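S.K.: See final26.txt below, with compact mmCIF, C-alpha atoms.
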```txt
# COMPACT_ATOMS: atom_id res chain seq x y z
CA MET A 210 115.79 114.90 97.84
CA SER A 211 112.78 116.20 95.95
CA VAL A 212 109.83 114.06 94.93
CA GLN A 213 109.37 113.48 91.22
CA TRP A 214 105.63 114.23 91.22
CA ALA A 215 105.10 113.44 87.55
CA SER A 216 105.88 109.79 88.22
CA ALA A 217 104.78 109.58 91.89
CA LYS A 218 101.94 107.21 92.73
CA ALA A 219 99.83 106.90 95.87
CA PRO A 220 100.45 103.71 97.83
CA THR A 221 98.08 100.87 96.98
CA LEU A 222 95.85 99.33 99.64
CA ALA A 223 98.48 96.59 100.15
CA GLU A 224 101.32 99.11 100.43
CA PHE A 225 99.24 101.22 102.80
CA GLU A 226 98.52 98.14 104.92
CA ALA A 227 102.27 97.50 105.11
CA LEU A 228 102.76 101.09 106.33
CA ALA A 229 100.03 100.52 108.93
CA MET A 230 101.78 97.35 110.13
CA GLU A 231 105.07 99.27 110.38
CA ALA A 232 103.28 101.94 112.44
CA TRP A 233 101.78 99.19 114.64
CA GLU A 234 105.24 97.68 115.24
CA LYS A 235 106.57 101.10 116.32
CA LEU A 236 103.96 101.42 119.07
CA PRO A 237 105.22 100.79 122.60
CA PRO A 238 105.02 97.04 123.36
CA GLU A 239 102.84 97.59 126.43
CA PHE A 240 100.31 99.45 124.26
CA ARG A 241 100.25 96.64 121.68
CA ASP A 242 99.87 94.07 124.49
CA ILE A 243 96.87 95.92 125.89
CA ALA A 244 95.31 96.16 122.42
CA GLY A 245 95.37 92.35 122.21
CA ASP A 246 93.50 90.85 119.26
CA LEU A 247 92.42 94.14 117.74
CA LEU A 248 92.28 93.87 113.93
CA ILE A 249 93.49 96.63 111.62
CA ARG A 250 91.76 96.99 108.24
CA VAL A 251 92.60 99.40 105.45
CA GLU A 252 89.90 100.53 103.04
CA ASP A 253 89.74 103.42 100.60
CA PHE A 254 86.75 105.10 102.27
CA ALA A 255 84.20 104.44 104.98
CA THR A 256 80.95 102.95 103.70
CA ASP A 257 77.95 105.21 103.13
CA GLU A 258 76.24 103.44 106.03
CA ILE A 259 79.06 104.37 108.43
CA LEU A 260 79.24 107.95 107.15
CA ASP A 261 75.46 108.32 107.51
CA SER A 262 75.50 106.89 111.05
CA LEU A 263 78.14 109.46 112.04
CA GLY A 264 76.43 112.35 110.22
CA ILE A 265 79.42 112.83 107.91
CA GLU A 266 78.71 113.88 104.33
CA ASP A 267 82.27 114.06 102.96
CA PRO A 268 84.13 110.71 103.09
CA PHE A 269 87.44 112.62 103.14
CA GLU A 270 86.56 113.83 106.65
CA LEU A 271 86.91 110.38 108.23
CA THR A 272 90.46 109.02 108.39
CA GLY A 273 89.86 106.18 110.81
CA LEU A 274 87.27 104.45 112.94
CA TYR A 275 87.26 102.11 115.90
CA GLN A 276 84.50 99.54 115.58
CA GLY A 277 83.57 97.32 118.48
CA VAL A 278 82.61 97.51 122.10
CA SER A 279 84.84 99.80 124.12
CA LEU A 280 86.61 98.06 127.00
CA THR A 281 84.88 100.48 129.35
CA LYS A 282 81.49 99.13 128.15
CA GLN A 283 82.21 95.40 127.86
CA SER A 284 80.54 92.95 130.22
CA VAL A 285 81.47 89.45 131.33
CA MET A 286 77.85 88.53 130.57
CA GLU A 287 78.24 89.29 126.84
CA SER A 288 77.81 86.54 124.32
CA ALA A 289 80.40 86.00 121.59
CA ARG A 290 80.77 88.96 119.28
CA GLU A 291 82.79 90.10 116.28
CA PRO A 292 86.40 91.10 116.94
CA ASP A 293 87.16 94.76 117.60
CA MET A 294 88.64 96.51 114.55
CA VAL A 295 90.31 99.74 113.61
CA PHE A 296 89.60 100.91 110.08
CA LEU A 297 92.12 103.18 108.39
CA TYR A 298 90.68 105.00 105.38
CA ARG A 299 93.48 105.31 102.83
CA ARG A 300 92.08 108.03 100.57
CA ALA A 301 91.11 110.31 103.47
CA ILE A 302 94.53 109.85 105.09
CA LEU A 303 96.28 110.50 101.77
CA ASP A 304 94.21 113.67 101.37
CA GLU A 305 95.24 114.89 104.84
CA TRP A 306 98.85 113.93 104.10
CA SER A 307 98.86 115.97 100.88
CA GLU A 308 97.51 118.99 102.74
CA ASN A 309 99.90 119.03 105.70
CA GLY A 310 103.08 117.46 104.34
CA GLU A 311 103.56 115.26 107.39
CA GLU A 312 105.52 112.03 106.83
CA LEU A 313 102.92 109.46 105.73
CA GLY A 314 104.02 106.70 108.11
CA HIS A 315 103.83 109.13 111.03
CA LEU A 316 100.33 110.25 110.02
CA ILE A 317 99.16 106.64 109.75
CA GLY A 318 100.60 105.98 113.22
CA HIS A 319 98.82 109.06 114.57
CA VAL A 320 95.44 107.89 113.24
CA LEU A 321 96.07 104.35 114.48
CA ILE A 322 96.96 105.54 118.00
CA HIS A 323 93.96 107.86 118.06
CA GLU A 324 91.52 105.11 117.06
CA ILE A 325 93.01 102.51 119.42
CA GLY A 326 93.00 105.15 122.13
CA HIS A 327 89.21 105.36 121.75
CA HIS A 328 89.12 101.62 122.42
CA PHE A 329 90.71 102.16 125.83
CA GLY A 330 89.09 105.49 126.67
CA PHE A 331 92.47 107.26 126.71
CA SER A 332 92.68 111.03 126.97
CA ASP A 333 94.28 113.14 124.25
CA GLU A 334 97.24 113.61 126.62
CA ASP A 335 97.60 109.82 127.00
CA MET A 336 97.57 109.41 123.23
CA GLU A 337 100.17 112.15 122.76
CA HIS A 338 102.42 110.31 125.24
CA ILE A 339 101.98 107.02 123.35
CA GLU A 340 102.68 108.78 120.04
CA ALA A 341 105.86 110.29 121.48
CA GLY A 342 106.94 106.78 122.56
CA ALA A 343 106.28 105.44 119.08
CA ALA A 344 108.40 108.17 117.51
CA SER A 345 111.44 107.49 119.69
```
Would you put the structure from the file into structure tokens?
M.R.:
Amino acid sequence: MSVQWASAKAPTLAEFEALAMEAWEKLPPEFRDIAGDLLIRVEDFATDEILDSLGIEDPFELTGLYQGVSLTKQSVMESAREPDMVFLYRRAILDEWSENGEELGHLIGHVLIHEIGHHFGFSDEDMEHIEAGAAS
């Protein structure tokens, strides 16, 4: 089946969020359990402040970001803090999707796994294993 590009529209933020939730549900249950109360937010682009802090000039270069204190750096002595979040940047992911032709839901899952993987300090090999489990 070919795409009718003349009438095709990019998914809205709400539709993209639904795709992200579908990708989340496909992750292995033990991975989701470990992630706990991690929040997933979808925005069009990272803020200028975030891009500047990372030394990124082109907002299309950042598809996702983990924000919070890595589990490897948390302390029992910490006071209450904001919840950990993963940001998925819709426009940057759509740009990557249009360039490589990968299925959009799979790409969103890849970015989600990669960003959550940072949260746990997983290696690239660990994340590839998790991604393979999510695809099966």
S.K.: Between A:Gly314, A:Asn309, A:Leu247, A:Gly264, which one has atoms that come closest to A:Phe329, using all atoms listed in the file?
M.R.: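 Among A:Gly314, A:Asn309, A:Leu247, A:Gly264, it is A:Leu247 that comes nearest to A:Phe329.
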S.K.: Quick one, how far is atom CA of A:Arg299 from atom CA of A:His338?
M.R.: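 Interatomic distance, atom CA of A:Arg299 to atom CA of A:His338: 24.6 Å.
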S.K.: Skip A:Leu303 itself and residues of its chain fewer than 4 positions away, then list as a VMD selection string all residues within 9 Å of it, counting all atoms listed in the file.
M.R.: chain A and resid 219 to 220 272 298 to 299 307 to 308 313
S.K.: So which one's closest to A:Leu248, A:Leu321, A:Arg300, A:Ile265, A:Glu340? Using only C-alpha atoms, please.
M.R.: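 Using only C-alpha atoms, the shortest distance to A:Leu248 belongs to A:Leu321.
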S.K.: Atom CA of A:Arg241 and atom CA of A:Gly326 are how many Å apart?
M.R.: 11.2 Å
S.K.: Atom CA of A:Glu337 to atom CA of A:Phe225: how many Å, to one decimal?
M.R.: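 Between atom CA of A:Glu337 and atom CA of A:Phe225 the gap works out to 22.8 Å.
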S.K.: Excluding same-chain residues fewer than 3 positions from A:Phe254, what lies within 12 Å of it counting only C-alpha atoms, as a list in words?
M.R.: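 Neighbouring residues, sequence-local ones excluded: Leu222, Arg250, Val251, Asp257, Glu258, Ile259, Leu260, Asp267, Pro268, Phe269, Glu270, Leu271, Thr272, Gly273, Leu274, Phe296, Leu297, Tyr298, Arg299, Arg300, Ala301, Ile302, Leu303 and Asp304 of chain A.
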